[in-house]
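Data file: final.pdb. Format and content: PDB, C-alpha atoms, pLDDT in the B column.
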```pdb
ATOM      1  CA  MET R  49       3.360  21.856 -18.559  1.00 53.00           C
ATOM      2  CA  PHE R  50       1.659  22.151 -21.983  1.00 54.00           C
ATOM      3  CA  GLN R  51       1.307  25.947 -22.048  1.00 59.00           C
ATOM      4  CA  ASP R  52       3.093  26.344 -25.404  1.00 74.00           C
ATOM      5  CA  SER R  53       1.158  23.621 -27.174  1.00 84.00           C
ATOM      6  CA  PRO R  54      -1.550  24.714 -29.637  1.00 88.00           C
ATOM      7  CA  ILE R  55      -3.210  21.291 -29.379  1.00 89.00           C
ATOM      8  CA  TYR R  56      -3.473  21.634 -25.602  1.00 85.00           C
ATOM      9  CA  ASP R  57      -4.820  25.180 -25.962  1.00 87.00           C
ATOM     10  CA  ARG R  58      -7.454  23.977 -28.427  1.00 89.00           C
ATOM     11  CA  LEU R  59      -8.497  21.114 -26.140  1.00 86.00           C
ATOM     12  CA  ILE R  60      -8.870  23.519 -23.218  1.00 87.00           C
ATOM     13  CA  ALA R  61     -10.970  25.832 -25.375  1.00 89.00           C
ATOM     14  CA  GLU R  62     -13.199  22.935 -26.490  1.00 91.00           C
ATOM     15  CA  ARG R  63     -13.430  20.846 -23.307  1.00 89.00           C
ATOM     16  CA  GLY R  64     -12.233  23.043 -20.455  1.00 90.00           C
ATOM     17  CA  ASP R  65      -9.120  22.641 -18.351  1.00 90.00           C
ATOM     18  CA  ILE R  66      -9.896  19.168 -17.016  1.00 89.00           C
ATOM     19  CA  PRO R  67      -6.546  18.599 -15.248  1.00 88.00           C
ATOM     20  CA  THR R  68      -6.986  21.833 -13.279  1.00 90.00           C
ATOM     21  CA  GLN R  69     -10.588  20.944 -12.404  1.00 93.00           C
ATOM     22  CA  VAL R  70      -9.548  17.482 -11.237  1.00 94.00           C
ATOM     23  CA  ARG R  71      -6.698  18.910  -9.163  1.00 94.00           C
ATOM     24  CA  ARG R  72      -9.025  21.408  -7.467  1.00 95.00           C
ATOM     25  CA  GLU R  73     -11.604  18.705  -6.743  1.00 96.00           C
ATOM     26  CA  ALA R  74      -8.924  16.403  -5.307  1.00 95.00           C
ATOM     27  CA  GLU R  75      -7.683  19.205  -3.050  1.00 96.00           C
ATOM     28  CA  ARG R  76     -11.248  19.904  -1.887  1.00 96.00           C
ATOM     29  CA  VAL R  77     -11.877  16.242  -1.088  1.00 95.00           C
ATOM     30  CA  SER R  78      -8.542  16.047   0.720  1.00 94.00           C
ATOM     31  CA  ARG R  79      -9.505  19.023   2.907  1.00 94.00           C
ATOM     32  CA  GLU R  80     -12.896  17.448   3.682  1.00 94.00           C
ATOM     33  CA  VAL R  81     -11.284  14.137   4.637  1.00 93.00           C
ATOM     34  CA  GLU R  82      -8.731  15.906   6.820  1.00 91.00           C
ATOM     35  CA  PHE R  83     -11.543  17.813   8.562  1.00 92.00           C
ATOM     36  CA  ALA R  84     -13.551  14.623   9.079  1.00 90.00           C
ATOM     37  CA  MET R  85     -10.511  12.777  10.459  1.00 88.00           C
ATOM     38  CA  GLN R  86      -9.551  15.454  13.004  1.00 87.00           C
ATOM     39  CA  PRO R  87     -11.542  13.938  15.898  1.00 81.00           C
ATOM     40  CA  LEU R  88      -9.976  10.536  15.244  1.00 78.00           C
ATOM     41  CA  LEU R  89      -6.457  11.870  14.962  1.00 72.00           C
ATOM     42  CA  SER R  90      -6.658  14.090  18.054  1.00 72.00           C
ATOM     43  CA  GLY R  91      -7.913  11.287  20.292  1.00 67.00           C
ATOM     44  CA  GLY R  92     -10.621  13.592  21.567  1.00 59.00           C
ATOM     45  CA  ASN R  93     -14.275  12.690  21.547  1.00 60.00           C
ATOM     46  CA  ALA R  94     -13.830  10.022  18.943  1.00 53.00           C
ATOM     47  CA  PRO R  95     -16.748   7.670  18.449  1.00 57.00           C
ATOM     48  CA  ALA R  96     -16.357   4.147  19.735  1.00 60.00           C
ATOM     49  CA  PRO R  97     -14.887   1.812  17.146  1.00 60.00           C
ATOM     50  CA  LEU R  98     -17.398  -0.231  15.238  1.00 64.00           C
ATOM     51  CA  ARG R  99     -17.769  -3.772  16.475  1.00 66.00           C
ATOM     52  CA  GLN R 100     -16.745  -6.288  13.891  1.00 71.00           C
ATOM     53  CA  ALA R 101     -19.554  -8.572  12.807  1.00 72.00           C
ATOM     54  CA  ALA R 102     -19.313 -12.257  13.570  1.00 69.00           C
ATOM     55  CA  PRO R 103     -18.092 -14.319  10.633  1.00 69.00           C
ATOM     56  CA  PRO R 104     -20.810 -16.102   8.671  1.00 67.00           C
ATOM     57  CA  PRO R 105     -21.389 -19.709   9.626  1.00 64.00           C
ATOM     58  CA  THR R 106     -19.264 -22.150   7.713  1.00 66.00           C
ATOM     59  CA  TRP R 107     -20.783 -24.668   5.359  1.00 64.00           C
ATOM     60  CA  GLN R 108     -21.652 -27.945   7.032  1.00 61.00           C
ATOM     61  CA  ARG R 109     -22.446 -31.210   5.369  1.00 62.00           C
ATOM     62  CA  SER R 110     -25.891 -32.567   6.187  1.00 63.00           C
ATOM     63  CA  ALA R 111     -27.813 -35.627   5.145  1.00 62.00           C
ATOM     64  CA  LEU R 112     -29.933 -35.362   2.035  1.00 62.00           C
ATOM     65  CA  PRO R 113     -33.682 -35.706   2.506  1.00 65.00           C
ATOM     66  CA  PRO R 114     -35.123 -39.021   1.338  1.00 68.00           C
ATOM     67  CA  GLY R 115     -35.745 -39.072  -2.391  1.00 68.00           C
ATOM     68  CA  PRO R 116     -38.254 -41.015  -4.431  1.00 74.00           C
ATOM     69  CA  PRO R 117     -38.198 -44.773  -3.840  1.00 69.00           C
ATOM     70  CA  GLN R 118     -35.888 -46.787  -6.085  1.00 66.00           C
ATOM     71  CA  ARG R 119     -37.496 -49.287  -8.455  1.00 63.00           C
TER      72      ARG R 119
END
```

As structure tokens, what does this structure read like?
Amino acid sequence: MFQDSPIYDRLIAERGDIPTQVRREAERVSREVEFAMQPLLSGGNAPAPLRQAAPPPTWQRSALPPGPPQR
């Protein structure tokens, strides 16, 4: 991509080949996710799906407690 660019070569020398490092890390994470998803995709001994939590109670209007007496 930028192999003939002296600026790119200098950046790689100073900072390392960040795009290549990111690509390798993304490929590693992709392999890990694929490995972790295999039981779910195969339909084998997949864990039971998580039960969805009940929704929080909705706000309800209530009477205000008595305040100080009016003068």

Step by step, gather every atom of stretch 53-68 of chain R that the file lists, find the box along x, y and z that holds them, add 5 Å on each side, and finally give centre and edge lengths in Å to one decimal, as AutoDock Vina command-line options.
```
--center_x -6.1 --center_y 22.2 --center_z -21.5 --size_x 24.6 --size_y 17.2 --size_z 26.4
```

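The gap separating atom CA of R:Glu75 from atom CA of R:Pro54 is 27.8 Å, in Å to one decimal.
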
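Separating atom CA of R:Gln100 from atom CA of R:Gln86 is a distance of 22.9 Å.
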